[in-house]
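All remarks here apply to the structure that follows.
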2 protein chains.
Amino acid sequence: MSLPHAILTALLEKPSSGLELTRRFDKSIGYFWSATHQQIYRELGRLETDGLIRALPSEQPARGQRKSYEVLPAGRAELARWTAASQDPRPMRDTLLLRMRAAAVVGTAGLGQDLRRHLELHRRQLAEYEEIEKRDFPPGRDSSQDRLRHLVLRAGIDLETFWTRWLTHALEEFPEDVPGPGTA
Amino acid sequence: MSLPHAILTALLEKPSSGLELTRRFDKSIGYFWSATHQQIYRELGRLETDGLIRALPSEQPARGQRKSYEVLPAGRAELARWTAASQDPRPMRDTLLLRMRAAAVVGTAGLGQDLRRHLELHRRQLAEYEEIEKRDFPPGRDSSQDRLRHLVLRAGIDLETFWTRWLTHALEEFPEDVPGPGTA
DNA sequence: AATAGCATGTAATCGGTTACATGATTAT
DNA sequence: ATAATCATGTAACCGATTACATGCTATT
């Protein structure tokens with residue numbers, strides 16, 4: 001549904017090959033729309049077939065050769081159409097909240113440890129976002145593009161902040177079930 | 001991945017038929033793990049085959065007849081195992097943030113209207129959660145089960161609060177593109 | 001008895017995930 | 001030269017979504 005449009009956005013920001021797109025999805029784009037390289041290659045094929053993008057003519061299309069793509073006018077038009085179209089929010093699916101509710105029924109044994117792990121992951125993500133904000137959005141710049149992209153980053157920061165706070169609060173319900181000596 | 005465990009949790013809270021489960025997923029459970037009735041019926045069949053749940057013996061299993069299920073000990077054990085197991089967070093996929101980033105490239109025309117619609121949806125969801133909190137978690141009760149379930153609800157409230165704030169802030173970037181007279 | 005809608009399903013499709021394959025490039 | 005890794009794919013699977021089918025119940 002949205003993967004082709006994520007790719008169009010990325011290619012408009014900068015024409016890229018499949019691998020470059022994969023790298024960028026691992027970094028910035030994937031922060032709110034993740035994709036694997038298999039998805040990306042398949043979708044690039046479809047987008048080219050549909051006439052929304054094309055391979056940059058300078059490169060030769062042999063297997064194992066880098067092939068870069070750029071967006072055609074039809075692709076830009078499709079992205080503009082999709083961006084403006086009315087779309088319902090996707091149904092929520094959060095495993096952590098589900099497990100918390102399950103724990104209310106079957107007990108909290110073992111869950112605290114994984115909550116602490118998640119807390120650490122969210123703290124790291126938050127720190128990474130804040131680094132990006134410091135680097136890319138210093139105070140006192142404000143082109144329209146910058147403001148929109150900054151908004152997206154702020155959403156990421158605020159979401160990670162929410163999770164770290166919630167997990168910290170939640171962990172008060174969990175006794176320090178120190179992991180035992182185990183089998184080591 | 002998580003649907004069977006969502007169903008096990010729901011059935012442990014209260015044995016139910018397929019339709020009752022569907023209703024409950026539309027209400028409380030579905031707030032963090034949505035499912036359609038087709039998914040639910042298929043999964044009930046699998047869970048019964050696997051010996052994790054069973055149909056309540058009192059009811060006859062004819063088509064079009066209500067059939068209620070309860071969780072067997074093996075089902076409870078599986079849910080406890082899954083709840084405690086270490087699980088990585090799922091990759092993020094948010095259409096709204098993606099569209100915002102696309103708008104930075106192709107322009108914001110038309111997007112503001114849908115943002116306002118989303119803002120209204122999130123406000124309503126927030127109001128619903130706050131009603132539930134007032135009704136089910138009055139101040140001064142604190143069984144362990146209550147605290148865990150309250151935590152889950154607080155996550156919902158805080159998430160909806162985040163979205164309403166973020167959307168309100170984001171809309172400052174959008175000129176009042178009043179919908180034209182249209183074709184009416 | 002006819003109709004509406006309640007309750008339980010089946011089938012087709014589609015996107016995402018995992019596992020595997022293969023040609024090109026780089027390092028030793 | 002060989003091995004490791006880079007880069008681009010293909011195939012099989014799996015869960016979720018959408019559309020459709022069928023039997024039962026209540027209303028008129």
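Ordering of the structure tokens sets the chain letters (A, B, ...); residue numbers start at 1 within each chain; ligands are numbered from 1 in the order shown.
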
Problem set entry | DSSP helix (DSSP H, G or I) residues within stretch 3-184 of chain A, as JSON, numbers by chain | {"A": [3, 4, 5, 6, 7, 8, 9, 10, 11, 12, 13, 18, 19, 20, 21, 22, 23, 24, 25, 26, 29, 30, 31, 37, 38, 39, 40, 41, 42, 43, 44, 45, 46, 47, 48, 49, 73, 74, 75, 76, 77, 78, 79, 80, 81, 82, 83, 84, 95, 96, 97, 98, 99, 100, 101, 102, 103, 104, 105, 106, 111, 112, 113, 114, 115, 116, 117, 118, 119, 120, 121, 122, 123, 124, 125, 126, 127, 128, 129, 130, 131, 132, 133, 134, 135, 136, 144, 145, 146, 147, 148, 149, 150, 151, 152, 153, 154, 155, 156, 157, 158, 159, 160, 161, 162, 163, 164, 165, 166, 167, 168, 169, 170, 171, 172, 173]}

For this session: Pull out every residue of chain A sitting within 8 Å of chain B, counting only C-alpha atoms, and send them as a ChimeraX atom specification.
Result: /A:2,6,9,12-13,30-34,76,79-80,83-89,91-95,97-111,114,118,144-149,151-152,155,158-159,162,166,170,173

For this session: Kindly indicate which residue among C:DT18, C:DT8, C:DT13, C:DT3 lies nearest to chain A, using only C-alpha atoms (C1' of nucleotides) for the distances.
Result: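 So, comparing all the options, the nearest one is C:DT18.
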
Problem set entry | Neighbours of chain B in chain C at 12 Å, counting only C-alpha atoms (C1' of nucleotides), as a PyMOL selection string | chain C and resi 6-11+16-17

Exercise. Atom CA of A:Phe174 and atom CA of B:Leu52, how far apart in Å?
Worked result: 27.6 Å

Exercise. For chain B, which residue out of D:DT5, D:DA16, D:DA26, D:DA21 is the nearest one, using only C-alpha atoms (C1' of nucleotides)?
Worked result: D:DA16

Exercise. So what do you get for atom CA of B:Val71 versus atom CA of B:Leu47, distance-wise?
Worked result: 9.3 Å

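Within 12 Å of chain A, and counting only C-alpha atoms (C1' of nucleotides), chain D contributes DC6, DA7, DT8, DG9, DT10, DA11, DA16 and DT17 of chain D.
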
Store the residues picked out above, limited to C-alpha atoms (C1' of nucleotides), as a short mmCIF file (atom, residue, chain, number, x, y, z; two decimals), in the first residue's frame.
```cif
data_model
loop_
_atom_site.label_atom_id
_atom_site.label_comp_id
_atom_site.auth_asym_id
_atom_site.auth_seq_id
_atom_site.Cartn_x
_atom_site.Cartn_y
_atom_site.Cartn_z
"C1'" DC D 6 28.83 -6.65 -2.33
"C1'" DA D 7 24.78 -6.15 -5.19
"C1'" DT D 8 20.71 -7.84 -7.28
"C1'" DG D 9 17.59 -10.71 -7.54
"C1'" DT D 10 13.81 -15.44 -7.05
"C1'" DA D 11 10.85 -18.58 -4.52
"C1'" DA D 16 -3.90 -9.96 7.14
"C1'" DT D 17 -7.54 -8.08 4.16
#
```

Problem set entry | Gap from atom CA of B:Pro57 to atom CA of B:Pro73 - Å, one decimal |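 We find that atom CA of B:Pro57 and atom CA of B:Pro73 lie 16.2 Å from each other.
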
With only C-alpha atoms (C1' of nucleotides) as the counted atoms, please give the residues lying no more than 12 Å from D:DT27, apart from itself and same-chain residues fewer than 6 positions off, as a PDB file with N, CA, C and O atoms (P, O5', C5', C4', C3', O3' and C1' of nucleotides), in the first residue's frame.
```
ATOM      1  P    DA C   2     -42.732 -17.905   0.578  1.00  0.00           P
ATOM      2  O5'  DA C   2     -42.341 -16.642   1.464  1.00  0.00           O
ATOM      3  C5'  DA C   2     -43.114 -15.431   1.293  1.00  0.00           C
ATOM      4  C4'  DA C   2     -42.347 -14.224   1.754  1.00  0.00           C
ATOM      5  C3'  DA C   2     -40.951 -14.052   1.156  1.00  0.00           C
ATOM      6  O3'  DA C   2     -40.773 -12.665   0.900  1.00  0.00           O
ATOM      7  C1'  DA C   2     -40.808 -14.118   3.517  1.00  0.00           C
ATOM      8  P    DT C   3     -39.447 -12.089   0.170  1.00  0.00           P
ATOM      9  O5'  DT C   3     -38.716 -11.323   1.356  1.00  0.00           O
ATOM     10  C5'  DT C   3     -39.481 -10.433   2.172  1.00  0.00           C
ATOM     11  C4'  DT C   3     -38.637  -9.971   3.346  1.00  0.00           C
ATOM     12  C3'  DT C   3     -37.173  -9.695   3.006  1.00  0.00           C
ATOM     13  O3'  DT C   3     -36.867  -8.391   3.463  1.00  0.00           O
ATOM     14  C1'  DT C   3     -37.340 -11.058   4.942  1.00  0.00           C
ATOM     15  P    DA C   4     -35.487  -7.661   3.093  1.00  0.00           P
ATOM     16  O5'  DA C   4     -34.844  -7.451   4.525  1.00  0.00           O
ATOM     17  C5'  DA C   4     -35.685  -7.033   5.600  1.00  0.00           C
ATOM     18  C4'  DA C   4     -34.941  -7.203   6.922  1.00  0.00           C
ATOM     19  C3'  DA C   4     -33.457  -6.833   6.867  1.00  0.00           C
ATOM     20  O3'  DA C   4     -33.134  -6.153   8.073  1.00  0.00           O
ATOM     21  C1'  DA C   4     -33.695  -9.078   7.587  1.00  0.00           C
ATOM     22  P    DG C   5     -31.711  -5.470   8.299  1.00  0.00           P
ATOM     23  O5'  DG C   5     -30.922  -6.473   9.263  1.00  0.00           O
ATOM     24  C5'  DG C   5     -31.401  -6.690  10.586  1.00  0.00           C
ATOM     25  C4'  DG C   5     -30.641  -7.851  11.186  1.00  0.00           C
ATOM     26  C3'  DG C   5     -29.121  -7.723  10.989  1.00  0.00           C
ATOM     27  O3'  DG C   5     -28.393  -8.307  12.060  1.00  0.00           O
ATOM     28  C1'  DG C   5     -29.838  -9.725  10.168  1.00  0.00           C
TER      29       DG C   5
END
```
